[in-house]
>>> print(open('protein.tsv').read())   # TSV, C-alpha atoms
chain	number	residue	atom	x	y	z
A	1	MET	CA	-36.06	-1.76	-12.29
A	2	GLU	CA	-34.32	-4.49	-10.36
A	3	THR	CA	-35.54	-8.05	-10.94
A	4	PHE	CA	-36.23	-10.09	-7.82
A	5	THR	CA	-35.93	-13.84	-7.99
A	6	VAL	CA	-36.77	-16.27	-5.22
A	7	LYS	CA	-34.83	-19.53	-5.18
A	8	GLU	CA	-36.24	-20.85	-1.92
A	9	LYS	CA	-38.62	-20.23	0.94
A	10	LYS	CA	-37.59	-20.50	4.58
A	11	ASP	CA	-39.11	-19.51	7.90
A	12	THR	CA	-37.68	-16.48	9.66
A	13	ARG	CA	-37.53	-18.30	13.02
A	14	SER	CA	-34.88	-20.56	11.46
A	15	GLY	CA	-32.91	-17.42	10.61
A	16	PHE	CA	-32.99	-16.58	14.30
A	17	GLY	CA	-31.77	-20.06	15.23
A	18	ALA	CA	-28.93	-19.88	12.72
A	19	GLY	CA	-27.91	-16.43	13.90
A	20	LEU	CA	-27.99	-17.45	17.55
A	21	LEU	CA	-25.74	-20.44	16.90
A	22	GLU	CA	-23.23	-18.29	15.01
A	23	LEU	CA	-23.29	-15.72	17.80
A	24	GLY	CA	-22.62	-18.42	20.36
A	25	LYS	CA	-19.44	-19.38	18.55
A	26	LYS	CA	-18.25	-15.75	18.33
A	27	ASN	CA	-19.18	-14.41	21.76
A	28	ASN	CA	-19.05	-16.48	24.94
A	29	GLN	CA	-21.03	-13.82	26.81
A	30	VAL	CA	-24.13	-14.71	24.79
A	31	VAL	CA	-26.55	-16.95	26.69
A	32	ALA	CA	-29.99	-18.22	25.72
A	33	LEU	CA	-33.16	-18.76	27.71
A	34	CYS	CA	-36.30	-20.51	26.49
A	35	ALA	CA	-39.79	-21.04	27.88
A	36	ASP	CA	-40.38	-24.68	26.86
A	37	LEU	CA	-40.36	-23.98	23.10
A	38	THR	CA	-36.79	-24.81	22.13
A	39	GLY	CA	-37.72	-26.61	18.91
A	40	SER	CA	-40.29	-24.04	17.85
A	41	LEU	CA	-37.78	-21.21	18.33
A	42	LYS	CA	-35.03	-23.20	16.56
A	43	MET	CA	-32.81	-22.80	19.61
A	44	ASP	CA	-31.95	-26.51	19.80
A	45	ALA	CA	-28.68	-26.15	17.87
A	46	PHE	CA	-27.46	-23.56	20.38
A	47	GLN	CA	-28.60	-25.77	23.26
A	48	LYS	CA	-26.69	-28.75	21.89
A	49	GLU	CA	-23.52	-26.76	21.15
A	50	PHE	CA	-23.49	-24.70	24.36
A	51	PRO	CA	-25.46	-26.60	27.04
A	52	ASP	CA	-23.84	-24.64	29.87
A	53	ARG	CA	-25.05	-21.37	28.32
A	54	PHE	CA	-28.63	-22.46	27.71
A	55	PHE	CA	-31.37	-22.20	30.34
A	56	GLN	CA	-34.69	-23.99	29.94
A	57	VAL	CA	-37.00	-22.16	32.33
A	58	GLY	CA	-40.20	-24.00	31.41
A	59	ILE	CA	-43.59	-22.39	30.98
A	60	ALA	CA	-42.62	-19.48	33.22
A	61	GLU	CA	-42.13	-16.56	30.89
A	62	ALA	CA	-42.25	-13.87	33.59
A	63	ASN	CA	-39.53	-15.67	35.50
A	64	MET	CA	-37.49	-15.94	32.29
A	65	MET	CA	-37.50	-12.16	31.89
A	66	GLY	CA	-36.43	-11.68	35.49
A	67	ILE	CA	-33.59	-14.19	35.13
A	68	ALA	CA	-32.48	-12.54	31.88
A	69	ALA	CA	-32.38	-9.13	33.55
A	70	GLY	CA	-30.27	-10.55	36.36
A	71	LEU	CA	-27.82	-12.21	33.98
A	72	THR	CA	-26.97	-8.85	32.41
A	73	ILE	CA	-25.62	-7.62	35.74
A	74	GLY	CA	-22.82	-10.18	35.43
A	75	GLY	CA	-22.03	-9.04	31.89
A	76	LYS	CA	-23.95	-11.75	30.03
A	77	ILE	CA	-25.96	-10.97	26.88
A	78	PRO	CA	-29.19	-12.96	27.32
A	79	PHE	CA	-31.44	-13.89	24.38
A	80	THR	CA	-34.90	-14.94	25.53
A	81	GLY	CA	-37.07	-17.08	23.28
A	82	THR	CA	-40.79	-17.81	23.17
A	83	PHE	CA	-43.85	-16.96	21.06
A	84	ALA	CA	-44.47	-13.25	20.48
A	85	ASN	CA	-47.67	-13.33	22.51
A	86	PHE	CA	-45.85	-14.75	25.52
A	87	SER	CA	-42.79	-12.53	24.91
A	88	THR	CA	-44.82	-9.33	25.27
A	89	GLY	CA	-48.43	-9.45	26.44
A	90	ARG	CA	-47.90	-12.11	29.09
A	91	VAL	CA	-44.79	-10.48	30.55
A	92	TYR	CA	-45.29	-6.78	29.92
A	93	ASP	CA	-44.88	-5.85	33.58
A	94	GLN	CA	-41.59	-7.73	33.88
A	95	ILE	CA	-40.22	-6.17	30.67
A	96	ARG	CA	-41.27	-2.69	31.73
A	97	GLN	CA	-40.04	-2.86	35.30
A	98	SER	CA	-37.03	-5.21	35.20
A	99	ILE	CA	-35.65	-4.63	31.67
A	100	ALA	CA	-36.74	-1.37	30.03
A	101	TYR	CA	-36.85	0.87	33.11
A	102	SER	CA	-33.29	-0.01	34.10
A	103	GLY	CA	-31.99	-0.35	30.54
A	104	LYS	CA	-30.95	-3.98	30.92
A	105	ASN	CA	-29.13	-5.50	27.94
A	106	VAL	CA	-31.73	-8.21	27.25
A	107	LYS	CA	-32.61	-9.37	23.72
A	108	ILE	CA	-36.29	-10.36	23.66
A	109	CYS	CA	-36.65	-12.70	20.69
A	110	ALA	CA	-40.20	-13.45	19.64
A	111	SER	CA	-41.39	-16.02	17.13
A	112	HIS	CA	-44.86	-16.88	15.75
A	113	ALA	CA	-45.89	-13.22	15.50
A	114	GLY	CA	-48.91	-11.94	13.59
A	115	LEU	CA	-51.70	-13.64	11.66
A	116	THR	CA	-49.33	-16.07	9.94
A	117	LEU	CA	-49.22	-18.16	13.10
A	118	GLY	CA	-52.33	-19.53	11.43
A	119	GLU	CA	-54.37	-22.33	12.90
A	120	ASP	CA	-53.39	-21.60	16.52
A	121	GLY	CA	-55.91	-18.78	16.42
A	122	ALA	CA	-56.50	-15.37	17.94
A	123	THR	CA	-55.20	-16.17	21.43
A	124	HIS	CA	-51.73	-16.78	19.99
A	125	GLN	CA	-51.74	-14.34	17.03
A	126	ILE	CA	-50.61	-11.20	18.79
A	127	LEU	CA	-51.05	-8.16	16.56
A	128	GLU	CA	-50.26	-5.51	19.18
A	129	ASP	CA	-46.71	-6.46	20.11
A	130	ILE	CA	-44.86	-3.82	18.10
A	131	GLY	CA	-46.99	-1.14	19.72
A	132	LEU	CA	-46.45	-2.54	23.20
A	133	MET	CA	-42.70	-2.68	22.75
A	134	LYS	CA	-42.09	0.59	20.90
A	135	MET	CA	-43.91	2.54	23.63
A	136	LEU	CA	-41.37	1.47	26.24
A	137	PRO	CA	-38.64	4.12	26.54
A	138	GLY	CA	-35.25	3.03	25.25
A	139	LEU	CA	-36.41	-0.28	23.78
A	140	CYS	CA	-35.24	-1.03	20.23
A	141	VAL	CA	-37.81	-2.79	17.97
A	142	ILE	CA	-36.77	-4.86	14.93
A	143	ASN	CA	-38.96	-6.80	12.47
A	144	PRO	CA	-36.88	-8.40	9.65
A	145	CYS	CA	-38.34	-9.65	6.37
A	146	ASP	CA	-36.77	-13.03	5.51
A	147	PHE	CA	-34.42	-15.81	6.70
A	148	ASN	CA	-31.20	-14.02	5.79
A	149	GLN	CA	-32.20	-10.69	7.28
A	150	THR	CA	-33.41	-12.35	10.49
A	151	LYS	CA	-30.09	-14.16	10.85
A	152	ALA	CA	-28.17	-10.93	10.27
A	153	ALA	CA	-30.39	-9.02	12.70
A	154	THR	CA	-29.93	-11.65	15.41
A	155	ILE	CA	-26.16	-11.28	15.14
A	156	ALA	CA	-26.32	-7.48	15.03
A	157	ILE	CA	-28.40	-6.99	18.17
A	158	ALA	CA	-25.72	-8.60	20.33
A	159	ASP	CA	-23.63	-5.45	19.80
A	160	TRP	CA	-26.50	-3.06	20.53
A	161	ILE	CA	-26.23	-1.85	24.11
A	162	GLY	CA	-29.67	-1.95	25.71
A	163	PRO	CA	-32.93	-3.90	25.41
A	164	VAL	CA	-34.11	-5.11	22.01
A	165	TYR	CA	-37.33	-6.69	20.77
A	166	LEU	CA	-36.72	-8.92	17.74
A	167	ARG	CA	-39.88	-10.16	15.99
A	168	PHE	CA	-40.10	-13.03	13.47
A	169	GLY	CA	-42.49	-15.75	12.31
A	170	ARG	CA	-43.31	-19.38	11.63
A	171	PRO	CA	-44.29	-19.70	7.94
A	172	SER	CA	-41.87	-20.25	5.10
A	173	VAL	CA	-41.54	-17.03	3.13
A	174	PRO	CA	-39.44	-16.04	0.08
A	175	VAL	CA	-35.73	-15.53	0.73
A	176	PHE	CA	-34.69	-12.51	-1.34
A	177	THR	CA	-32.06	-10.64	0.68
A	178	SER	CA	-28.33	-11.30	0.58
A	179	ALA	CA	-26.84	-14.07	2.72
A	180	ASP	CA	-23.79	-11.91	3.49
A	181	GLN	CA	-25.65	-8.67	4.25
A	182	LYS	CA	-24.58	-6.29	6.99
A	183	PHE	CA	-27.58	-5.46	9.15
A	184	GLU	CA	-27.60	-1.84	10.29
A	185	ILE	CA	-29.97	-1.17	13.16
A	186	GLY	CA	-32.01	1.97	12.50
A	187	LYS	CA	-31.04	2.17	8.83
A	188	ALA	CA	-33.86	1.61	6.34
A	189	TRP	CA	-33.17	-0.38	3.16
A	190	LYS	CA	-34.37	1.19	-0.08
A	191	ILE	CA	-35.27	-1.80	-2.24
A	192	GLN	CA	-36.48	0.14	-5.27
A	193	GLU	CA	-36.34	3.76	-6.33
A	194	GLY	CA	-39.63	5.30	-7.38
A	195	SER	CA	-41.30	8.65	-7.95
A	196	ASP	CA	-45.08	8.29	-7.61
A	197	VAL	CA	-45.61	6.73	-4.16
A	198	SER	CA	-43.58	5.60	-1.16
A	199	ILE	CA	-44.36	2.09	0.15
A	200	PHE	CA	-42.90	1.49	3.60
A	201	ALA	CA	-43.14	-2.15	4.63
A	202	THR	CA	-41.90	-4.36	7.44
A	203	GLY	CA	-41.64	-8.10	8.09
A	204	HIS	CA	-43.64	-10.43	5.85
A	205	LEU	CA	-45.21	-7.48	4.03
A	206	VAL	CA	-41.90	-6.48	2.44
A	207	TRP	CA	-42.08	-9.24	-0.17
A	208	LYS	CA	-45.79	-8.51	-0.72
A	209	SER	CA	-44.81	-4.89	-1.39
A	210	ILE	CA	-42.23	-5.96	-3.97
A	211	GLU	CA	-44.93	-8.01	-5.71
A	212	ALA	CA	-47.26	-4.99	-5.58
A	213	MET	CA	-44.53	-2.77	-7.01
A	214	MET	CA	-44.24	-5.08	-10.04
A	215	ILE	CA	-48.02	-4.93	-10.63
A	216	LEU	CA	-47.97	-1.14	-10.30
A	217	LYS	CA	-45.17	-0.87	-12.85
A	218	GLU	CA	-47.44	-2.56	-15.39
A	219	LYS	CA	-49.99	0.17	-14.62
A	220	GLY	CA	-47.40	2.86	-15.27
A	221	ILE	CA	-46.93	3.73	-11.60
A	222	SER	CA	-43.42	4.13	-10.18
A	223	ALA	CA	-43.40	2.89	-6.59
A	224	GLU	CA	-40.52	3.42	-4.19
A	225	VAL	CA	-40.28	0.43	-1.82
A	226	ILE	CA	-38.41	0.78	1.46
A	227	ASN	CA	-37.92	-1.98	4.04
A	228	ILE	CA	-38.33	-0.53	7.51
A	229	HIS	CA	-36.85	-3.44	9.45
A	230	THR	CA	-36.11	-1.23	12.46
A	231	ILE	CA	-39.28	0.35	13.75
A	232	LYS	CA	-37.49	1.95	16.68
A	233	PRO	CA	-35.20	3.83	16.28
A	234	LEU	CA	-36.99	4.85	13.08
A	235	ASP	CA	-34.95	6.00	10.08
A	236	GLU	CA	-36.67	9.38	9.89
A	237	THR	CA	-34.33	10.77	7.25
A	238	ALA	CA	-35.01	7.94	4.79
A	239	ILE	CA	-38.76	8.26	5.26
A	240	LEU	CA	-38.88	12.03	4.90
A	241	ASP	CA	-36.53	12.08	1.91
A	242	SER	CA	-38.75	9.58	0.12
A	243	VAL	CA	-42.05	11.28	0.92
A	244	ARG	CA	-40.76	14.71	-0.07
A	245	LYS	CA	-40.17	13.18	-3.50
A	246	THR	CA	-43.35	11.09	-3.94
A	247	ARG	CA	-45.73	13.17	-1.76
A	248	CYS	CA	-47.85	10.17	-0.72
A	249	VAL	CA	-47.42	7.07	1.44
A	250	VAL	CA	-48.61	3.50	1.90
A	251	SER	CA	-47.48	1.60	5.01
A	252	ALA	CA	-47.75	-2.20	5.07
A	253	GLU	CA	-47.43	-4.48	8.09
A	254	GLU	CA	-48.73	-7.68	9.68
A	255	HIS	CA	-49.86	-5.85	12.80
A	256	GLN	CA	-52.67	-3.71	14.12
A	257	MET	CA	-53.08	-0.38	12.38
A	258	ASN	CA	-53.04	1.25	15.81
A	259	GLY	CA	-49.56	1.28	17.30
A	260	GLY	CA	-47.63	-0.21	14.39
A	261	LEU	CA	-45.19	1.01	11.76
A	262	GLY	CA	-47.81	3.10	9.95
A	263	ASP	CA	-48.63	4.84	13.20
A	264	SER	CA	-44.96	5.82	13.69
A	265	ILE	CA	-44.72	7.10	10.11
A	266	ALA	CA	-47.91	9.13	10.46
A	267	GLN	CA	-46.58	10.80	13.62
A	268	LEU	CA	-43.32	11.64	11.86
A	269	LEU	CA	-45.07	13.09	8.82
A	270	SER	CA	-47.55	15.11	10.87
A	271	ARG	CA	-44.65	16.90	12.55
A	272	ASN	CA	-42.46	17.39	9.49
A	273	PHE	CA	-44.15	16.92	6.11
A	274	PRO	CA	-47.89	16.12	6.13
A	275	ALA	CA	-48.85	13.88	3.22
A	276	PRO	CA	-51.71	11.53	2.29
A	277	GLN	CA	-51.23	8.06	3.81
A	278	GLU	CA	-53.03	4.74	3.46
A	279	PHE	CA	-52.55	1.84	5.86
A	280	VAL	CA	-52.33	-1.85	4.95
A	281	ALA	CA	-52.72	-3.45	8.37
A	282	VAL	CA	-55.24	-5.24	10.56
A	283	ASN	CA	-57.99	-2.77	11.40
A	284	ASP	CA	-58.92	-3.04	15.09
A	285	SER	CA	-59.58	-6.76	15.03
A	286	PHE	CA	-58.36	-9.97	16.61
A	287	GLY	CA	-57.35	-12.81	14.31
A	288	GLU	CA	-58.89	-16.27	14.02
A	289	SER	CA	-57.97	-19.82	13.10
A	290	GLY	CA	-57.05	-20.52	9.47
A	291	THR	CA	-54.08	-21.10	7.23
A	292	PRO	CA	-51.64	-18.19	6.95
A	293	ASP	CA	-52.66	-17.58	3.32
A	294	GLN	CA	-56.36	-17.58	4.17
A	295	LEU	CA	-55.86	-15.12	7.01
A	296	MET	CA	-53.61	-12.74	5.08
A	297	LYS	CA	-56.26	-12.60	2.37
A	298	LYS	CA	-59.22	-12.17	4.72
A	299	TYR	CA	-57.55	-9.40	6.73
A	300	GLY	CA	-56.38	-7.50	3.68
A	301	LEU	CA	-52.63	-8.04	3.83
A	302	GLU	CA	-51.99	-9.22	0.27
A	303	LYS	CA	-50.21	-7.58	-2.66
A	304	GLU	CA	-53.59	-6.68	-4.18
A	305	ASN	CA	-54.45	-4.71	-1.04
A	306	ILE	CA	-51.19	-2.78	-1.33
A	307	VAL	CA	-51.93	-2.00	-4.98
A	308	ASP	CA	-55.44	-0.78	-4.05
A	309	ALA	CA	-53.99	1.39	-1.27
A	310	VAL	CA	-51.49	2.92	-3.71
A	311	LEU	CA	-54.21	3.77	-6.23
A	312	LYS	CA	-56.29	5.32	-3.47
A	313	VAL	CA	-53.50	7.42	-1.99
A	314	ILE	CA	-52.27	8.67	-5.38
A	315	ALA	CA	-55.80	9.91	-6.07
A	316	ARG	CA	-55.57	11.94	-2.85
A	317	LYS	CA	-52.38	13.78	-3.81
>>> encode(input="protein.tsv", output="structure tokens")
Amino acid sequence: METFTVKEKKDTRSGFGAGLLELGKKNNQVVALCADLTGSLKMDAFQKEFPDRFFQVGIAEANMMGIAAGLTIGGKIPFTGTFANFSTGRVYDQIRQSIAYSGKNVKICASHAGLTLGEDGATHQILEDIGLMKMLPGLCVINPCDFNQTKAATIAIADWIGPVYLRFGRPSVPVFTSADQKFEIGKAWKIQEGSDVSIFATGHLVWKSIEAMMILKEKGISAEVINIHTIKPLDETAILDSVRKTRCVVSAEEHQMNGGLGDSIAQLLSRNFPAPQEFVAVNDSFGESGTPDQLMKKYGLEKENIVDAVLKVIARK
């Protein structure tokens, strides 16, 4: 079994900022738009380096999406930036009508997603965004797991033709992926081979799943852990190959159970290889104010919850 060591913790939104700056240096067609949250989205370095390619639209997120759609017509590759709640729920009509319907090459970049937004509370902790975005035809949905993967994903989506939703967060989380990784959209990353259960995780729950895998090993259970960073298009082959071997599944995500990664996996399995599945996700609830750690514990998104789900699903095989 591979040993995972964490030398530092960094927020994934900073990975986005670093990736955007690097992109700006490589591709002069890349432009950035922000809705009055430049510092929070870590877009200030891009703004400083490329002021003529940065557009501060103010607290007018719907207008930002319309402007971004228009910029693509002239060949620009616009990256929009605001909180996940304002990147999706507040502007769903504009994304559906002006971006997704006409296949505009807009990169919708969303920070402060999920419960780990913390003290800002339920009104800002959107837990439905993956579902909202994956339901739109032709829209790619990506949810990376750490600083390095977020940076790599930010760079990769510039070459993807069509609309993309890129989701990341505010808290500092373990950095455990390679700094020089090549991010392949739609290609799952098998972190650990296993034979007893398949754990499919995304975003902040990937590291929690690695921690759970280590606990399970001490219990004599061999868990296969796969990072599903691209929720759409889903790597169906990787999922089915794993489940045909282990014959049971746990999905783990910082999102609503309805409409998230686990939902997509369940649909895939029901059509191809039905197998017992347990879900580690928020169960039909809004969030609340609290520290990220408090909220992850209260809503059942910790390594212990993944371990419990594994024990439960193995018993169902």
>>> residues_around(input="protein.tsv", residues="Leu37 (chain A)", least_positions_apart="5", cutoff="12 Å", atoms="all atoms listed in the file", output="VMD selection string")
chain A and resid 13 42 to 44 47 55 to 61 80 to 84 86 to 87 110 to 112
>>> residues_near_point(input="protein.tsv", point="(-27.5, -9.7, 29.6)", cutoff="8 Å", atoms="all atoms listed in the file", output="VMD selection string")
chain A and resid 30 to 31 68 to 79 104 to 107
>>> residues_around(input="protein.tsv", residues="region 4-6 of chain A", least_positions_apart="4", cutoff="7 Å", atoms="all atoms listed in the file", output="list of chain:residue names")
A:Pro174, A:Val175, A:Phe176
>>> atom_distance(input="protein.tsv", atom1="CA of Glu119 (chain A)", atom2="CA of His255 (chain A)")
17.1 Å
>>> atom_distance(input="protein.tsv", atom1="CA of Trp160 (chain A)", atom2="CA of Ala266 (chain A)")
26.6 Å
>>> atom_distance(input="protein.tsv", atom1="CA of Ala152 (chain A)", atom2="CA of Pro292 (chain A)")
24.8 Å
>>> closest_residue(input="protein.tsv", among="A:Ala45, A:Ala188, A:Ile265, A:Val307", to="Thr230 (chain A)", atoms="all atoms listed in the file")
A:Ala188
>>> closest_residue(input="protein.tsv", among="A:Ile67, A:Val164, A:Lys151, A:Lys26", to="Gly103 (chain A)", atoms="all atoms listed in the file")
A:Val164
>>> closest_residue(input="protein.tsv", among="A:Ile221, A:Ala153, A:Ala201, A:Ala158", to="Lys182 (chain A)", atoms="all atoms listed in the file")
A:Ala153
>>> residues_around(input="protein.tsv", residues="Glu193 (chain A)", least_positions_apart="5", cutoff="12 Å", atoms="only C-alpha atoms", output="list in words")
Met1, Glu2, Ser198, Ile199, Ile210, Met213, Lys217, Ile221, Ser222, Ala223, Glu224, Val225, Ile226, Asn227, Ala238, Asp241, Ser242, Val243, Lys245 and Thr246 of chain A
>>> closest_residue(input="protein.tsv", among="A:Gly220, A:Pro276, A:Pro233, A:Gly89", to="Leu139 (chain A)", atoms="all atoms listed in the file")
A:Pro233
>>> closest_residue(input="protein.tsv", among="A:Ala100, A:Leu269, A:Ile130, A:Ala156", to="Leu23 (chain A)", atoms="all atoms listed in the file")
A:Ala156
>>> closest_residue(input="protein.tsv", among="A:Trp189, A:Lys232, A:Ile215, A:Tyr101", to="Lys134 (chain A)", atoms="all atoms listed in the file")
A:Lys232
>>> residues_around(input="protein.tsv", residues="Asn148 (chain A)", least_positions_apart="5", cutoff="7 Å", atoms="only C-alpha atoms", output="PDB file with C-alpha atoms, keeping the file's coordinate frame")
ATOM      1  CA  GLY A  15     -32.910 -17.420  10.610  1.00  0.00           C
ATOM      2  CA  VAL A 175     -35.730 -15.530   0.730  1.00  0.00           C
ATOM      3  CA  THR A 177     -32.060 -10.640   0.680  1.00  0.00           C
ATOM      4  CA  SER A 178     -28.330 -11.300   0.580  1.00  0.00           C
ATOM      5  CA  ALA A 179     -26.840 -14.070   2.720  1.00  0.00           C
TER       6      ALA A 179
END
>>> residues_near_point(input="protein.tsv", point="(-32.9, 2.5, 14.5)", cutoff="9 Å", atoms="all atoms listed in the file", output="ChimeraX atom specification")
/A:140-142,184-188,229-235
>>> residues_around(input="protein.tsv", residues="Asp11 (chain A)", least_positions_apart="2", cutoff="8 Å", atoms="all atoms listed in the file", output="ChimeraX atom specification")
/A:9,13-15,146-147,169-173
>>> decode(input="protein.tsv", residues="region 7-29 of chain A", atoms="C-alpha atoms", output="mmCIF file, in the first residue's frame")
data_model
loop_
_atom_site.group_PDB
_atom_site.id
_atom_site.type_symbol
_atom_site.label_atom_id
_atom_site.label_comp_id
_atom_site.auth_asym_id
_atom_site.auth_seq_id
_atom_site.Cartn_x
_atom_site.Cartn_y
_atom_site.Cartn_z
ATOM 1 C CA LYS A 7 3.893 18.364 3.936
ATOM 2 C CA GLU A 8 1.544 21.329 3.826
ATOM 3 C CA LYS A 9 -2.046 22.471 3.682
ATOM 4 C CA LYS A 10 -3.302 25.017 1.156
ATOM 5 C CA ASP A 11 -6.695 26.216 -0.019
ATOM 6 C CA THR A 12 -7.896 25.041 -3.407
ATOM 7 C CA ARG A 13 -8.999 28.559 -4.409
ATOM 8 C CA SER A 14 -5.302 29.527 -4.346
ATOM 9 C CA GLY A 15 -4.672 26.677 -6.780
ATOM 10 C CA PHE A 16 -7.188 28.316 -9.093
ATOM 11 C CA GLY A 17 -5.463 31.689 -8.755
ATOM 12 C CA ALA A 18 -2.062 30.170 -9.498
ATOM 13 C CA GLY A 19 -3.397 28.276 -12.496
ATOM 14 C CA LEU A 20 -5.150 31.342 -13.889
ATOM 15 C CA LEU A 21 -1.976 33.419 -13.667
ATOM 16 C CA GLU A 22 0.042 30.728 -15.458
ATOM 17 C CA LEU A 23 -2.634 30.459 -18.125
ATOM 18 C CA GLY A 24 -2.549 34.195 -18.653
ATOM 19 C CA LYS A 25 1.142 34.031 -19.454
ATOM 20 C CA LYS A 26 0.669 31.138 -21.913
ATOM 21 C CA ASN A 27 -2.505 32.166 -23.729
ATOM 22 C CA ASN A 28 -3.416 35.766 -24.509
ATOM 23 C CA GLN A 29 -6.968 34.733 -25.392
#
